[in-house]
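**Q** My structure is below; once you've seen it, I'll send some questions.
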Amino acid sequence: PAQLADAPETRGGVRSVHRRLRRMAQYECHDYDPADNDLQAEVLRGRTLETYRTIEALKWGYSVIIGVTMGLIAFAVDALIEGLTAFKFSATRRLAEKGQGSAAFVSYLLVSLCCAAVAGSLVSYVEPLAAGSGIPELKTYLNGVRLKGLLRLKTLAAKVGGIAFSIGAGLIAGKEGPFVHGGGLVGGGVAAMGSRALNFALPARFASHFRNDADKRDFVAIGTAAGVAVAFSAPIGGMLFTIEEGA
């Protein structure tokens, strides 16, 4: 022990070091550096032309899946917002047409408060990382910082549900930031072809090519581009946003 600098000499000291290392492991950076060693070179030399063609086809296929999925999510969010808004204003209009101005105001206020309460509950009790636009967190992730829970399925549910109910409540909020975060979530899930929350994952022989930090980052960046594209109906703008802000 005398030859080891700052080495713990007691059982309590060892436990304290272990606790500190576990806390530090939560903020460990992603491994984006390309592997450059003899073993990796041998693996790459062992690949056939058909393997490279398969990987290239999967990249394009996964990109299409990300875009289609984000389009479907955008349609669902828009439909939910329209449904909530129509319900709120139709109830208010019916009461106002009957001359019940106070009841109309109370109805409008209660529906707005309920929508805001749902949105707040989603980010308070389901996943706090779903609060805000999500763009700073996505940029942090793309630059290599590991944020626990950023790309989980419940984060996606809280994000899209929260923004729909926030807009339905009449709060000053937009879909651009949440769709960027949602696109990154979809991209990360598609790259892994699995979900811990759903306890589902394709076998490694079908989805092992992109289960690493570097490839997952690329698909998350593609997802952010798809998120901007569906938020503004601007696919080229989504690509430029990702190049400028994310990747």
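A note on labels: chains of the structure tokens are A, B, ... as shown, every chain counts residues from 1, and ligands are counted from 1 in their shown order.
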I need the strand (DSSP E) residues of region 100-235 of chain A per DSSP on the backbone, written as a PyMOL selection string.

**A** chain A and resi 194-195+200-201

**Q** The selected residues should be written to file as an mmCIF file, in the first residue's frame (atoms: all heavy atoms).

**A**
```cif
data_model
loop_
_atom_site.group_PDB
_atom_site.id
_atom_site.type_symbol
_atom_site.label_atom_id
_atom_site.label_comp_id
_atom_site.auth_asym_id
_atom_site.auth_seq_id
_atom_site.Cartn_x
_atom_site.Cartn_y
_atom_site.Cartn_z
ATOM 1 N N GLY A 194 -33.836 -2.473 -31.440
ATOM 2 C CA GLY A 194 -34.291 -3.085 -30.203
ATOM 3 C C GLY A 194 -34.671 -2.022 -29.196
ATOM 4 O O GLY A 194 -34.435 -0.823 -29.403
ATOM 5 N N SER A 195 -35.285 -2.448 -28.109
ATOM 6 C CA SER A 195 -35.699 -1.534 -27.054
ATOM 7 C C SER A 195 -35.655 -2.267 -25.724
ATOM 8 O O SER A 195 -36.221 -3.353 -25.584
ATOM 9 C CB SER A 195 -37.115 -1.002 -27.322
ATOM 10 O OG SER A 195 -37.591 -0.282 -26.215
ATOM 11 N N PHE A 200 -37.203 -6.066 -26.264
ATOM 12 C CA PHE A 200 -37.181 -6.598 -27.624
ATOM 13 C C PHE A 200 -35.874 -6.212 -28.293
ATOM 14 O O PHE A 200 -35.396 -5.079 -28.147
ATOM 15 C CB PHE A 200 -38.350 -6.043 -28.435
ATOM 16 C CG PHE A 200 -38.188 -6.217 -29.922
ATOM 17 C CD1 PHE A 200 -38.422 -7.448 -30.523
ATOM 18 C CD2 PHE A 200 -37.787 -5.150 -30.713
ATOM 19 C CE1 PHE A 200 -38.257 -7.598 -31.888
ATOM 20 C CE2 PHE A 200 -37.619 -5.300 -32.077
ATOM 21 C CZ PHE A 200 -37.866 -6.527 -32.665
ATOM 22 N N ALA A 201 -35.295 -7.156 -29.019
ATOM 23 C CA ALA A 201 -34.093 -6.879 -29.798
ATOM 24 C C ALA A 201 -33.949 -7.960 -30.863
ATOM 25 O O ALA A 201 -34.143 -9.146 -30.586
ATOM 26 C CB ALA A 201 -32.847 -6.843 -28.914
#
```

**Q** As a ChimeraX atom specification, please: the residues near region 221-228 of chain A (cut-off 10 Å, only C-alpha atoms, same-chain neighbours under 5 positions excluded).

**A** /A:62-71,73-74,135,138-139,141-142,175-190,215-216,233-243,245-247

**Q** Just the selected residues (C-alpha atoms), exported as a PDB file, in the first residue's frame, please.

**A**
```pdb
ATOM      1  CA  TYR A  62     -32.603   2.350 -41.792  1.00  0.00           C
ATOM      2  CA  SER A  63     -32.572   5.985 -42.945  1.00  0.00           C
ATOM      3  CA  VAL A  64     -35.848   5.438 -44.799  1.00  0.00           C
ATOM      4  CA  ILE A  65     -37.361   3.775 -41.720  1.00  0.00           C
ATOM      5  CA  ILE A  66     -36.322   6.749 -39.559  1.00  0.00           C
ATOM      6  CA  GLY A  67     -37.923   9.214 -41.974  1.00  0.00           C
ATOM      7  CA  VAL A  68     -41.168   7.250 -42.293  1.00  0.00           C
ATOM      8  CA  THR A  69     -41.416   6.759 -38.527  1.00  0.00           C
ATOM      9  CA  MET A  70     -40.915  10.453 -37.824  1.00  0.00           C
ATOM     10  CA  GLY A  71     -43.537  11.291 -40.443  1.00  0.00           C
ATOM     11  CA  ILE A  73     -45.218  10.484 -35.323  1.00  0.00           C
ATOM     12  CA  ALA A  74     -45.689  14.003 -36.714  1.00  0.00           C
ATOM     13  CA  ILE A 135     -31.804  20.397 -28.770  1.00  0.00           C
ATOM     14  CA  LEU A 138     -28.990  16.174 -28.472  1.00  0.00           C
ATOM     15  CA  LYS A 139     -26.036  18.408 -29.333  1.00  0.00           C
ATOM     16  CA  TYR A 141     -24.926  13.640 -27.023  1.00  0.00           C
ATOM     17  CA  LEU A 142     -23.625  14.096 -30.570  1.00  0.00           C
ATOM     18  CA  LYS A 175     -42.790  21.453 -32.227  1.00  0.00           C
ATOM     19  CA  GLU A 176     -39.358  22.125 -33.738  1.00  0.00           C
ATOM     20  CA  GLY A 177     -37.208  21.355 -30.708  1.00  0.00           C
ATOM     21  CA  PRO A 178     -39.230  18.357 -29.486  1.00  0.00           C
ATOM     22  CA  PHE A 179     -39.284  16.893 -33.010  1.00  0.00           C
ATOM     23  CA  VAL A 180     -35.494  17.231 -33.205  1.00  0.00           C
ATOM     24  CA  HIS A 181     -35.176  15.304 -29.940  1.00  0.00           C
ATOM     25  CA  GLY A 182     -37.830  12.832 -31.042  1.00  0.00           C
ATOM     26  CA  GLY A 183     -36.011  12.241 -34.311  1.00  0.00           C
ATOM     27  CA  GLY A 184     -32.810  11.503 -32.429  1.00  0.00           C
ATOM     28  CA  LEU A 185     -34.690   9.038 -30.236  1.00  0.00           C
ATOM     29  CA  VAL A 186     -36.115   7.279 -33.290  1.00  0.00           C
ATOM     30  CA  GLY A 187     -32.695   7.208 -34.958  1.00  0.00           C
ATOM     31  CA  GLY A 188     -31.045   5.661 -31.912  1.00  0.00           C
ATOM     32  CA  GLY A 189     -33.754   3.028 -31.596  1.00  0.00           C
ATOM     33  CA  VAL A 190     -33.654   2.088 -35.259  1.00  0.00           C
ATOM     34  CA  ASP A 215     -22.717   4.279 -35.946  1.00  0.00           C
ATOM     35  CA  LYS A 216     -25.469   5.028 -33.446  1.00  0.00           C
ATOM     36  CA  SER A 233     -41.770  20.376 -44.147  1.00  0.00           C
ATOM     37  CA  ALA A 234     -38.179  21.153 -45.134  1.00  0.00           C
ATOM     38  CA  PRO A 235     -36.043  18.061 -45.792  1.00  0.00           C
ATOM     39  CA  ILE A 236     -33.054  20.018 -47.101  1.00  0.00           C
ATOM     40  CA  GLY A 237     -33.343  22.366 -44.126  1.00  0.00           C
ATOM     41  CA  GLY A 238     -33.254  19.363 -41.799  1.00  0.00           C
ATOM     42  CA  MET A 239     -30.057  18.114 -43.380  1.00  0.00           C
ATOM     43  CA  LEU A 240     -28.427  21.551 -43.181  1.00  0.00           C
ATOM     44  CA  PHE A 241     -29.505  21.946 -39.549  1.00  0.00           C
ATOM     45  CA  THR A 242     -27.872  18.647 -38.640  1.00  0.00           C
ATOM     46  CA  ILE A 243     -24.632  19.523 -40.444  1.00  0.00           C
ATOM     47  CA  GLU A 245     -25.677  22.155 -35.262  1.00  0.00           C
ATOM     48  CA  GLY A 246     -25.259  18.460 -34.626  1.00  0.00           C
ATOM     49  CA  ALA A 247     -22.932  16.278 -36.627  1.00  0.00           C
TER      50      ALA A 247
END
```

**Q** For a test of reading the model, state the distance in Å between CA of Leu113 (chain A) and CA of Ile81 (chain A), rounded to one decimal.

**A** 15.0 Å

**Q** Quick one: pick out all helix (DSSP H, G or I) residues within chain A from a backbone DSSP run and write them as a PyMOL selection string.

**A** chain A and resi 11-25+38-45+49-97+101-126+128-130+135-142+153-168+176-192+204-207+213-232+235-246

**Q** For the atom pair CA of Ala191 (chain A) and CA of Ala158 (chain A), what is the interatomic distance in Å to one decimal place?

**A**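 CA of Ala191 (chain A) sits 20.9 Å away from CA of Ala158 (chain A).
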